[in-house]
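Asker: One structure follows; several queries about it will come next.
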Amino acid sequence: MNGEEIIRFERVTKEYDGMTVLDDVSFAIERGKFYTLLGPSGCGKTTILRLIAGFIEPTQGTIYFHGKPIQNVPPNKRQVNTVFQDYALFPHLDVFENVAFGLRVKKMKEADIRRKVSEALQFVNLEGYERRRIQEMSGGQRQRVAIARAIVNEPEVLLLDEPLSALDLKLRTEMQYELRELQRRLGITFIFVTHDQEEALAMSDYIFVLNKGKIQQFGTPKEIYDEPVNRFVADFIGESNILPGRMIEDFLVEFAGQRFVCVDRGFAPNEPVDVVIRPEDLELAAPEAGQIVIRVDSLLFRGVHYEICGYDENGNEWLVHSTKKAEVGEIVGLRFEPEAIHVMRAEREDGGE
Amino acid sequence: MKRTHWWGRVYLLVVFAVMYTPIVYLMYYSFNSGGAMHDFQSFTLKWYRDVLSDDRLLMIVLNTIVIALLSAAIATILGVMGALAIYYVKQQRAKHVLLALNNVLIVSPDVIIGASFLLLFTIAGIQLGFKSVLLSHIAFSVPIVVLMVLPKLEEMSPTLIDAARDLGAGHWQVLSGVVLPFLAPSIWAGFFMALTYSLDDFAVTFFVTGNGFSTLSVEIYSRARQGISLSINALSTLLFLFTMLLVVGYYVLSQKGGRVYGIGGRK
């Protein structure tokens, strides 16, 4: 991290009625990047968003905005704007007035309001819809109105609370591109909350993976995908084969009853580890040529590839994505490169960083 | 299927006939030149002319309307504030208790409310008349407004308020720019309900009025006791038609609200 820091959380904890939803979290957010808070429901990602927006206050810890604590600064005085999950558009106002709301509150001149609103609507490809009622807009259009309403205020940080979850798959993919593009054009910081790992991987500069109120891992999408730090992250980000194993020495790991050369080091000798191999890194081969031999248990055609599930002689389950077909009951070999093996420290009790 | 339809219609017809026949009967004889509620002799507007030339009566009509408009307006303001207060009560139990207390006032008999107000005004030393009637009308209208406004408030997504705050609105701007406009249809509905309740209230007013101050329903009652005059029929007809007008107004408003906000109403 070397850019200009906008937001910093220092040891922030949030409790609701004795339940800890955010547990001693610290991180920093830089200007002009696309961040994603990724995690299952109840992991604390929306809580972080609401803390930044100012709808709630931390139980402990401090939130800094440009180096100044922003406790006791109400939401209407913060330089951030939010796109809500249900969009929260004002039903009694038309599209223009919804977008103009923030500017009217600031008592801006009518001519400026008109210019800025039309610019914002142009930005989200909604010119010509000014006088439409919210009820006449489709889900995707409402989403754009919500974005226009937020960005017209020129916030330094735009918060997006699962804004795509209400859209159908095709529209969602389209909006992913558009949001990413929008962020580049505006050059402001986006903090995007989602439970959809594909969305997170596709859109973000950086991802925070959260679980049980703690940050599990922070990194670029590639880092998170290729080098998950623990079982939770590996499991949550994409499909993976996770096997218990033992690090014999540097570059040599034992799992599934065999020893394999790998590219990881820095573990204690014989340290228990979890081994991750992504299903697309496994290649089907003849049984005698395979490093692992499995009996195919089930087969699904997924369009791009076959999803093959099988068991080795030790009873470990293996998931393989292959463009080659296999028959159920067939014995096949699996081959993989040393780079495909990713070794993680075995899960500790708290699952921390 | 067709048969049940047929029976259903007859049943509906009978029910409405039973409910409306007395009113139609009363209206019909308000045009009787014979001066009694039987033996229709010939059509006349004499009784209406009587009503309209009766200065005391017109004064009472004015009183009634002033009381209704004033009490409905004040009750609407208080009721909206009350609904907001109940909405913001965080404790579920306290909320239910407040709501129950509100609803008890609506279902409790007018006679009891009237008698208790009489007691209150006597103890407090408030002179019976315009003031006492106005106060009591406000009091029994407030719960009605609360009951009309609160469901709409509960239906409002709390993120609407968050969104307004997020866009820079202070508490007052949130209220005037988002919450009140959102509630507008139900506020109007509450106002009209309060208006009709005030217009046709008899029991409470009967208890707390005095010093020559009177409203229409009390006046009609006392005149009917003195003896039958068809001007009462004429007056009742006018009052009924006015109430109908209010109901239609209320209906149009609530339909409009339903269309705009996608709740209730038929398509």
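The chains in the structure tokens are called A, B, ... from first to last as shown; in each chain the residues are counted from 1, and the ligands are counted from 1 in the order shown.
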Can you check which parts of chain B lie within 12 Å of chain A? Per residue, the shortest pair of atoms and distance in Å to one decimal, counting only C-alpha atoms, sorted by chain and number, as CSV.
Answerer:
```
residue,atom,partner,partner_atom,distance
B:Met156,CA,A:Ala88,CA,9.9
B:Ser157,CA,A:Ala88,CA,7.4
B:Pro158,CA,A:Ala88,CA,8.5
B:Thr159,CA,A:Ala88,CA,5.7
B:Leu160,CA,A:Ala88,CA,5.0
B:Ile161,CA,A:Ala88,CA,8.5
B:Asp162,CA,A:Phe55,CA,7.1
B:Ala163,CA,A:Ala88,CA,6.3
B:Ala164,CA,A:Gly102,CA,7.8
B:Arg165,CA,A:Asn76,CA,5.0
B:Asp166,CA,A:Asn76,CA,5.3
B:Leu167,CA,A:Gly102,CA,4.7
B:Gly168,CA,A:Asn76,CA,3.7
B:Ala169,CA,A:Asn76,CA,5.7
B:Gly170,CA,A:Asn76,CA,6.5
B:His171,CA,A:Asn76,CA,9.4
B:Trp172,CA,A:Val105,CA,10.9
B:Gln173,CA,A:Val105,CA,7.6
B:Val174,CA,A:Val105,CA,9.8
B:Ser176,CA,A:Val105,CA,11.3
B:Gly177,CA,A:Phe101,CA,8.7
B:Val178,CA,A:Phe90,CA,7.0
B:Val179,CA,A:Phe90,CA,9.5
B:Leu180,CA,A:His92,CA,10.1
B:Pro181,CA,A:His92,CA,6.6
B:Phe182,CA,A:His92,CA,6.2
B:Leu183,CA,A:His92,CA,9.6
B:Ala184,CA,A:His92,CA,9.4
B:Pro185,CA,A:His92,CA,10.6
B:Gly257,CA,A:His92,CA,10.1
B:Arg259,CA,A:Gln135,CA,9.9
B:Val260,CA,A:His92,CA,7.8
B:Tyr261,CA,A:Pro91,CA,6.8
B:Gly262,CA,A:Gln135,CA,8.1
B:Ile263,CA,A:Gln135,CA,11.8
```
Asker: For the selection just defined, write its residues with N, CA and C atoms to a file, as a CSV table (one decimal), in the first residue's frame.
Answerer:
```csv
chain,number,residue,atom,x,y,z
B,156,MET,N,-42.6,1.7,5.6
B,156,MET,CA,-41.5,2.4,5.0
B,156,MET,C,-40.2,1.7,5.3
B,157,SER,N,-39.4,1.5,4.3
B,157,SER,CA,-38.1,0.9,4.5
B,157,SER,C,-37.2,1.8,5.3
B,158,PRO,N,-36.6,1.3,6.4
B,158,PRO,CA,-35.7,2.1,7.2
B,158,PRO,C,-34.5,2.7,6.5
B,159,THR,N,-34.2,2.0,5.4
B,159,THR,CA,-33.0,2.5,4.6
B,159,THR,C,-33.3,3.8,3.9
B,160,LEU,N,-34.6,4.1,3.8
B,160,LEU,CA,-35.0,5.4,3.2
B,160,LEU,C,-34.5,6.5,4.0
B,161,ILE,N,-34.6,6.4,5.4
B,161,ILE,CA,-34.1,7.4,6.3
B,161,ILE,C,-32.6,7.4,6.2
B,162,ASP,N,-32.0,6.2,6.2
B,162,ASP,CA,-30.5,6.2,6.1
B,162,ASP,C,-30.0,6.9,4.8
B,163,ALA,N,-30.8,6.6,3.7
B,163,ALA,CA,-30.4,7.2,2.5
B,163,ALA,C,-30.4,8.7,2.5
B,164,ALA,N,-31.5,9.2,3.1
B,164,ALA,CA,-31.6,10.7,3.2
B,164,ALA,C,-30.5,11.3,4.1
B,165,ARG,N,-30.2,10.6,5.2
B,165,ARG,CA,-29.1,11.1,6.0
B,165,ARG,C,-27.7,11.0,5.3
B,166,ASP,N,-27.6,9.9,4.5
B,166,ASP,CA,-26.4,9.7,3.7
B,166,ASP,C,-26.2,10.8,2.7
B,167,LEU,N,-27.3,11.3,2.2
B,167,LEU,CA,-27.2,12.4,1.2
B,167,LEU,C,-27.1,13.7,1.8
B,168,GLY,N,-26.9,13.8,3.1
B,168,GLY,CA,-26.7,15.1,3.7
B,168,GLY,C,-27.8,15.7,4.5
B,169,ALA,N,-29.0,15.0,4.5
B,169,ALA,CA,-30.1,15.7,5.2
B,169,ALA,C,-30.0,15.6,6.7
B,170,GLY,N,-30.3,16.7,7.3
B,170,GLY,CA,-30.4,16.7,8.8
B,170,GLY,C,-31.7,16.1,9.2
B,171,HIS,N,-31.9,16.0,10.6
B,171,HIS,CA,-33.1,15.4,11.1
B,171,HIS,C,-34.4,16.0,10.5
B,172,TRP,N,-34.4,17.3,10.5
B,172,TRP,CA,-35.6,18.0,10.0
B,172,TRP,C,-35.9,17.8,8.5
B,173,GLN,N,-34.8,17.8,7.8
B,173,GLN,CA,-34.9,17.6,6.3
B,173,GLN,C,-35.3,16.1,6.0
B,174,VAL,N,-34.9,15.2,6.8
B,174,VAL,CA,-35.3,13.8,6.7
B,174,VAL,C,-36.8,13.8,6.8
B,176,SER,N,-39.1,16.3,6.7
B,176,SER,CA,-39.9,17.1,5.8
B,176,SER,C,-39.7,16.6,4.3
B,177,GLY,N,-38.5,16.1,4.0
B,177,GLY,CA,-38.2,15.8,2.6
B,177,GLY,C,-38.5,14.3,2.3
B,178,VAL,N,-38.6,13.4,3.3
B,178,VAL,CA,-38.7,12.0,3.0
B,178,VAL,C,-39.9,11.4,3.7
B,179,VAL,N,-39.9,11.5,5.0
B,179,VAL,CA,-40.9,10.8,5.8
B,179,VAL,C,-42.3,11.3,5.6
B,180,LEU,N,-42.5,12.7,5.7
B,180,LEU,CA,-43.8,13.2,5.6
B,180,LEU,C,-44.4,13.1,4.2
B,181,PRO,N,-43.6,13.3,3.1
B,181,PRO,CA,-44.2,13.1,1.8
B,181,PRO,C,-44.5,11.6,1.6
B,182,PHE,N,-43.7,10.7,2.2
B,182,PHE,CA,-44.0,9.3,2.0
B,182,PHE,C,-45.3,9.0,2.7
B,183,LEU,N,-45.6,9.6,3.9
B,183,LEU,CA,-46.8,9.4,4.6
B,183,LEU,C,-48.0,10.1,4.1
B,184,ALA,N,-47.8,11.1,3.2
B,184,ALA,CA,-48.9,12.0,2.8
B,184,ALA,C,-50.2,11.4,2.6
B,185,PRO,N,-50.3,10.3,1.8
B,185,PRO,CA,-51.7,9.7,1.6
B,185,PRO,C,-52.3,9.3,2.9
B,257,GLY,N,-53.2,7.2,-3.5
B,257,GLY,CA,-52.1,6.8,-2.7
B,257,GLY,C,-51.7,5.3,-3.0
B,259,ARG,N,-52.2,3.7,-5.8
B,259,ARG,CA,-51.6,3.6,-7.1
B,259,ARG,C,-50.2,4.1,-7.1
B,260,VAL,N,-49.9,5.2,-6.5
B,260,VAL,CA,-48.6,5.8,-6.5
B,260,VAL,C,-47.6,4.9,-5.8
B,261,TYR,N,-48.0,4.4,-4.6
B,261,TYR,CA,-47.0,3.7,-3.8
B,261,TYR,C,-47.2,2.1,-3.9
B,262,GLY,N,-48.0,1.7,-4.8
B,262,GLY,CA,-48.1,0.3,-5.0
B,262,GLY,C,-48.6,-0.5,-3.8
B,263,ILE,N,-49.5,0.1,-2.9
B,263,ILE,CA,-50.0,-0.7,-1.8
B,263,ILE,C,-51.5,-0.6,-1.9
```
Asker: Report as JSON lines: every residue of range 205-280 of chain A with an atom at most 12 Å from range 22-29 of chain A, its closest pair of atoms, and their distance in Å to one decimal, counting only C-alpha atoms, with rows sorted by chain and ascending residue number.
Answerer:
```
{"residue": "A:Asp205", "atom": "CA", "partner": "A:Ile29", "partner_atom": "CA", "distance": 11.3}
{"residue": "A:Tyr206", "atom": "CA", "partner": "A:Ile29", "partner_atom": "CA", "distance": 9.7}
{"residue": "A:Ile207", "atom": "CA", "partner": "A:Ile29", "partner_atom": "CA", "distance": 11.1}
{"residue": "A:Phe208", "atom": "CA", "partner": "A:Phe27", "partner_atom": "CA", "distance": 9.4}
{"residue": "A:Leu210", "atom": "CA", "partner": "A:Leu22", "partner_atom": "CA", "distance": 9.7}
{"residue": "A:Asn211", "atom": "CA", "partner": "A:Leu22", "partner_atom": "CA", "distance": 9.4}
{"residue": "A:Lys212", "atom": "CA", "partner": "A:Leu22", "partner_atom": "CA", "distance": 7.5}
{"residue": "A:Gly213", "atom": "CA", "partner": "A:Leu22", "partner_atom": "CA", "distance": 4.0}
{"residue": "A:Lys214", "atom": "CA", "partner": "A:Asp23", "partner_atom": "CA", "distance": 5.7}
{"residue": "A:Ile215", "atom": "CA", "partner": "A:Val25", "partner_atom": "CA", "distance": 6.9}
{"residue": "A:Gln216", "atom": "CA", "partner": "A:Val25", "partner_atom": "CA", "distance": 10.3}
{"residue": "A:Gln217", "atom": "CA", "partner": "A:Phe27", "partner_atom": "CA", "distance": 11.0}
{"residue": "A:Phe218", "atom": "CA", "partner": "A:Phe27", "partner_atom": "CA", "distance": 9.1}
{"residue": "A:Gly219", "atom": "CA", "partner": "A:Phe27", "partner_atom": "CA", "distance": 11.7}
```
Asker: Please identify all polymer residues within 7 Å of Val145 in chain B, counting only C-alpha atoms, omitting same-chain residues fewer than 5 positions from it, and present them as a list of chain:residue names.
Answerer: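 Those residues are B:Thr76, B:Gly79, B:Val80, B:Gly190, B:Phe191, B:Ala194.
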Asker: How far is it from CA of Trp318 in chain A to CA of Cys43 in chain A, in Å with one decimal?
Answerer: 28.4 Å
Asker: Going by DSSP on the backbone, which residues of range 96-296 of chain A come out as helix (DSSP H, G or I)? List them as a ChimeraX atom specification.
Answerer: /A:96-105,110-123,134-136,139-151,169-186,197-203,221-226,231-236,279-281,287-289
Asker: One decimal, Å: what's the distance from CA of Val142 in chain B over to CA of Arg93 in chain B, could you say?
Answerer: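 Separating CA of Val142 in chain B from CA of Arg93 in chain B is a distance of 21.5 Å.
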Asker: As an mmCIF file with N, CA and C atoms, in the first residue's frame, please: the residues near range 32-39 of chain B (cut-off 12 Å, only C-alpha atoms, same-chain neighbours under 2 positions excluded).
Answerer:
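Result saved to result.cif:
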```
data_model
loop_
_atom_site.group_PDB
_atom_site.id
_atom_site.type_symbol
_atom_site.label_atom_id
_atom_site.label_comp_id
_atom_site.auth_asym_id
_atom_site.auth_seq_id
_atom_site.Cartn_x
_atom_site.Cartn_y
_atom_site.Cartn_z
ATOM 1 N N PRO B 22 -83.952 3.358 5.437
ATOM 2 C CA PRO B 22 -84.364 4.429 6.344
ATOM 3 C C PRO B 22 -83.874 5.800 5.878
ATOM 4 N N TYR B 25 -85.841 6.823 2.853
ATOM 5 C CA TYR B 25 -87.179 7.146 3.345
ATOM 6 C C TYR B 25 -87.195 8.560 3.894
ATOM 7 N N LEU B 26 -86.191 8.846 4.727
ATOM 8 C CA LEU B 26 -86.067 10.160 5.348
ATOM 9 C C LEU B 26 -85.870 11.234 4.294
ATOM 10 N N MET B 27 -85.022 10.915 3.308
ATOM 11 C CA MET B 27 -84.778 11.891 2.237
ATOM 12 C C MET B 27 -86.042 12.148 1.431
ATOM 13 N N TYR B 28 -86.734 11.075 1.143
ATOM 14 C CA TYR B 28 -87.950 11.142 0.324
ATOM 15 C C TYR B 28 -88.958 12.097 0.955
ATOM 16 N N TYR B 29 -89.189 11.958 2.259
ATOM 17 C CA TYR B 29 -90.207 12.784 2.906
ATOM 18 C C TYR B 29 -89.742 14.198 3.183
ATOM 19 N N SER B 30 -88.434 14.432 2.967
ATOM 20 C CA SER B 30 -87.982 15.814 3.129
ATOM 21 C C SER B 30 -88.540 16.690 2.008
ATOM 22 N N GLN B 41 -97.782 14.117 -0.208
ATOM 23 C CA GLN B 41 -98.808 14.875 -0.947
ATOM 24 C C GLN B 41 -98.248 15.448 -2.239
ATOM 25 N N SER B 42 -97.311 16.355 -2.123
ATOM 26 C CA SER B 42 -96.726 16.891 -3.353
ATOM 27 C C SER B 42 -95.296 17.315 -3.070
ATOM 28 N N PHE B 43 -94.557 17.459 -4.149
ATOM 29 C CA PHE B 43 -93.146 17.800 -4.025
ATOM 30 C C PHE B 43 -92.978 19.258 -3.606
ATOM 31 N N THR B 44 -92.051 19.472 -2.642
ATOM 32 C CA THR B 44 -91.790 20.847 -2.241
ATOM 33 C C THR B 44 -90.346 20.986 -1.769
ATOM 34 N N LEU B 45 -89.845 22.198 -1.887
ATOM 35 C CA LEU B 45 -88.509 22.465 -1.347
ATOM 36 C C LEU B 45 -88.623 23.343 -0.107
ATOM 37 N N LYS B 46 -89.869 23.443 0.386
ATOM 38 C CA LYS B 46 -90.165 24.322 1.518
ATOM 39 C C LYS B 46 -89.254 24.049 2.701
ATOM 40 N N TRP B 47 -89.073 22.794 3.015
ATOM 41 C CA TRP B 47 -88.293 22.444 4.217
ATOM 42 C C TRP B 47 -86.841 22.838 4.057
ATOM 43 N N TYR B 48 -86.350 22.736 2.832
ATOM 44 C CA TYR B 48 -84.975 23.169 2.580
ATOM 45 C C TYR B 48 -84.857 24.678 2.717
ATOM 46 N N GLY B 227 -90.579 17.509 18.507
ATOM 47 C CA GLY B 227 -91.708 17.219 17.640
ATOM 48 C C GLY B 227 -91.222 17.117 16.218
ATOM 49 N N ILE B 228 -92.013 16.437 15.433
ATOM 50 C CA ILE B 228 -91.561 16.173 14.090
ATOM 51 C C ILE B 228 -91.746 17.384 13.203
ATOM 52 N N SER B 229 -90.633 17.814 12.595
ATOM 53 C CA SER B 229 -90.721 18.807 11.547
ATOM 54 C C SER B 229 -89.880 18.294 10.406
ATOM 55 N N LEU B 230 -90.395 18.436 9.208
ATOM 56 C CA LEU B 230 -89.665 17.863 8.069
ATOM 57 C C LEU B 230 -88.403 18.638 7.753
ATOM 58 N N SER B 231 -88.218 19.824 8.387
ATOM 59 C CA SER B 231 -86.952 20.528 8.175
ATOM 60 C C SER B 231 -85.795 19.704 8.731
ATOM 61 N N ILE B 232 -86.088 18.892 9.724
ATOM 62 C CA ILE B 232 -85.051 17.974 10.230
ATOM 63 C C ILE B 232 -84.654 16.979 9.147
ATOM 64 N N ASN B 233 -85.649 16.489 8.437
ATOM 65 C CA ASN B 233 -85.354 15.589 7.316
ATOM 66 C C ASN B 233 -84.469 16.279 6.292
ATOM 67 N N ALA B 234 -84.825 17.513 5.994
ATOM 68 C CA ALA B 234 -84.058 18.261 4.994
ATOM 69 C C ALA B 234 -82.629 18.441 5.472
#
```
Asker: So, counting only C-alpha atoms, which residue among A:Cys309, A:Leu243, A:Leu164, A:Leu334 is closest to Asn230 in chain A?
Answerer: A:Leu243
Asker: Leaving out Thr194 in chain A and any residue of its chain fewer than 3 positions from it, which residues lie within 7 Å of it when counting only C-alpha atoms, given as an MDAnalysis selection string?
Answerer: chainID A and resid 37:39 162
Asker: Of the candidates B:Gln255, B:Gln91, B:Thr243, B:Ser198, which shows the shortest atom-to-atom distance to Ala73 in chain B, using only C-alpha atoms?
Answerer: B:Ser198
Asker: Which is closest to Glu155 in chain B among B:Asn211, B:Ser186, B:Ser222, B:Thr205, if we use only C-alpha atoms?
Answerer: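 Once distances to Glu155 in chain B are computed over only C-alpha atoms, the minimum belongs to B:Ser186.
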Asker: Set the distance at 8 Å and use only C-alpha atoms: which residues neighbour Phe192 in chain A once local chain neighbours fewer than 4 positions away are removed? I'd like the list as a PDB file with N, CA and C atoms, in the first residue's frame.
Answerer:
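Resulting contents of out-v4.pdb:
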```
ATOM      1  N   PHE A  34     -10.586   0.085  -5.972  1.00  0.00           N
ATOM      2  CA  PHE A  34     -11.840  -0.664  -5.844  1.00  0.00           C
ATOM      3  C   PHE A  34     -11.633  -1.769  -4.816  1.00  0.00           C
ATOM      4  N   TYR A  35     -12.273  -1.608  -3.653  1.00  0.00           N
ATOM      5  CA  TYR A  35     -12.144  -2.605  -2.589  1.00  0.00           C
ATOM      6  C   TYR A  35     -13.415  -3.436  -2.497  1.00  0.00           C
ATOM      7  N   THR A  36     -13.257  -4.700  -2.166  1.00  0.00           N
ATOM      8  CA  THR A  36     -14.429  -5.528  -1.925  1.00  0.00           C
ATOM      9  C   THR A  36     -14.338  -6.156  -0.543  1.00  0.00           C
ATOM     10  N   LEU A  37     -15.441  -6.058   0.183  1.00  0.00           N
ATOM     11  CA  LEU A  37     -15.568  -6.789   1.443  1.00  0.00           C
ATOM     12  C   LEU A  37     -16.355  -8.049   1.130  1.00  0.00           C
ATOM     13  N   LEU A 159     -19.831   3.796  -1.165  1.00  0.00           N
ATOM     14  CA  LEU A 159     -20.074   2.518  -0.505  1.00  0.00           C
ATOM     15  C   LEU A 159     -21.195   1.799  -1.236  1.00  0.00           C
ATOM     16  N   LEU A 160     -20.973   0.541  -1.581  1.00  0.00           N
ATOM     17  CA  LEU A 160     -22.012  -0.214  -2.289  1.00  0.00           C
ATOM     18  C   LEU A 160     -22.336  -1.472  -1.509  1.00  0.00           C
ATOM     19  N   ASP A 161     -23.579  -1.526  -1.014  1.00  0.00           N
ATOM     20  CA  ASP A 161     -23.988  -2.632  -0.155  1.00  0.00           C
ATOM     21  C   ASP A 161     -24.725  -3.693  -0.972  1.00  0.00           C
ATOM     22  N   GLU A 162     -24.048  -4.685  -1.416  1.00  0.00           N
ATOM     23  CA  GLU A 162     -24.599  -5.754  -2.251  1.00  0.00           C
ATOM     24  C   GLU A 162     -25.571  -5.215  -3.300  1.00  0.00           C
TER      25      GLU A 162
END
```
Asker: Would you compute the distance between CA of Ala286 in chain A and CA of Ile341 in chain A? Give it in Å to one decimal.
Answerer: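 That distance, rounded to one decimal, is 20.5 Å.
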Asker: Give me, as number ranges by chain, all polymer residues having an atom no more than 12 Å from Lys222 in chain A, counting only C-alpha atoms and skipping those fewer than 2 positions away in the same chain.
Answerer: A: 198, 200-207, 218-220, 224-228, 237-238
Asker: Could you save the residues just selected, with N, CA and C atoms, as a compact mmCIF listing (two decimals), in the first residue's frame?
Answerer:
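The file below, again-v9.txt, is the result:
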```txt
# COMPACT_ATOMS: atom_id res chain seq x y z
N GLU A 198 -17.20 -14.70 -7.11
CA GLU A 198 -16.88 -14.42 -8.52
C GLU A 198 -16.93 -12.93 -8.79
N ALA A 200 -16.48 -10.60 -6.62
CA ALA A 200 -15.34 -9.98 -5.94
C ALA A 200 -14.07 -10.13 -6.77
N LEU A 201 -13.84 -11.32 -7.28
CA LEU A 201 -12.63 -11.57 -8.06
C LEU A 201 -12.62 -10.73 -9.33
N ALA A 202 -13.79 -10.61 -9.97
CA ALA A 202 -13.86 -9.93 -11.25
C ALA A 202 -13.66 -8.43 -11.14
N MET A 203 -14.13 -7.82 -10.04
CA MET A 203 -14.20 -6.37 -10.00
C MET A 203 -13.11 -5.67 -9.21
N SER A 204 -12.51 -6.34 -8.24
CA SER A 204 -11.77 -5.61 -7.21
C SER A 204 -10.31 -5.37 -7.57
N ASP A 205 -9.76 -4.28 -6.99
CA ASP A 205 -8.31 -4.14 -6.89
C ASP A 205 -7.82 -4.95 -5.69
N TYR A 206 -8.57 -4.80 -4.59
CA TYR A 206 -8.22 -5.52 -3.37
C TYR A 206 -9.46 -6.14 -2.76
N ILE A 207 -9.26 -7.28 -2.13
CA ILE A 207 -10.38 -7.96 -1.48
C ILE A 207 -10.06 -8.16 0.00
N PHE A 218 -6.36 -10.26 3.33
CA PHE A 218 -6.44 -9.06 2.50
C PHE A 218 -5.46 -9.23 1.35
N GLY A 219 -5.86 -8.91 0.14
CA GLY A 219 -4.93 -9.03 -0.98
C GLY A 219 -5.61 -8.76 -2.30
N THR A 220 -4.84 -8.86 -3.37
CA THR A 220 -5.42 -8.73 -4.70
C THR A 220 -6.21 -10.00 -4.98
N ILE A 224 -5.50 -13.74 -3.37
CA ILE A 224 -6.52 -14.43 -2.57
C ILE A 224 -6.84 -15.79 -3.18
N TYR A 225 -6.92 -15.81 -4.50
CA TYR A 225 -7.30 -17.05 -5.17
C TYR A 225 -6.16 -18.06 -5.14
N ASP A 226 -4.97 -17.58 -5.47
CA ASP A 226 -3.84 -18.50 -5.59
C ASP A 226 -3.23 -18.88 -4.26
N GLU A 227 -3.27 -17.97 -3.32
CA GLU A 227 -2.62 -18.25 -2.04
C GLU A 227 -3.52 -17.96 -0.86
N PRO A 228 -4.61 -18.71 -0.76
CA PRO A 228 -5.47 -18.50 0.40
C PRO A 228 -4.69 -18.82 1.68
N ILE A 237 -13.42 -18.95 -1.53
CA ILE A 237 -13.05 -18.42 -2.84
C ILE A 237 -12.92 -19.59 -3.81
N GLY A 238 -13.94 -19.84 -4.55
CA GLY A 238 -13.87 -20.88 -5.57
C GLY A 238 -13.89 -22.27 -4.97
```
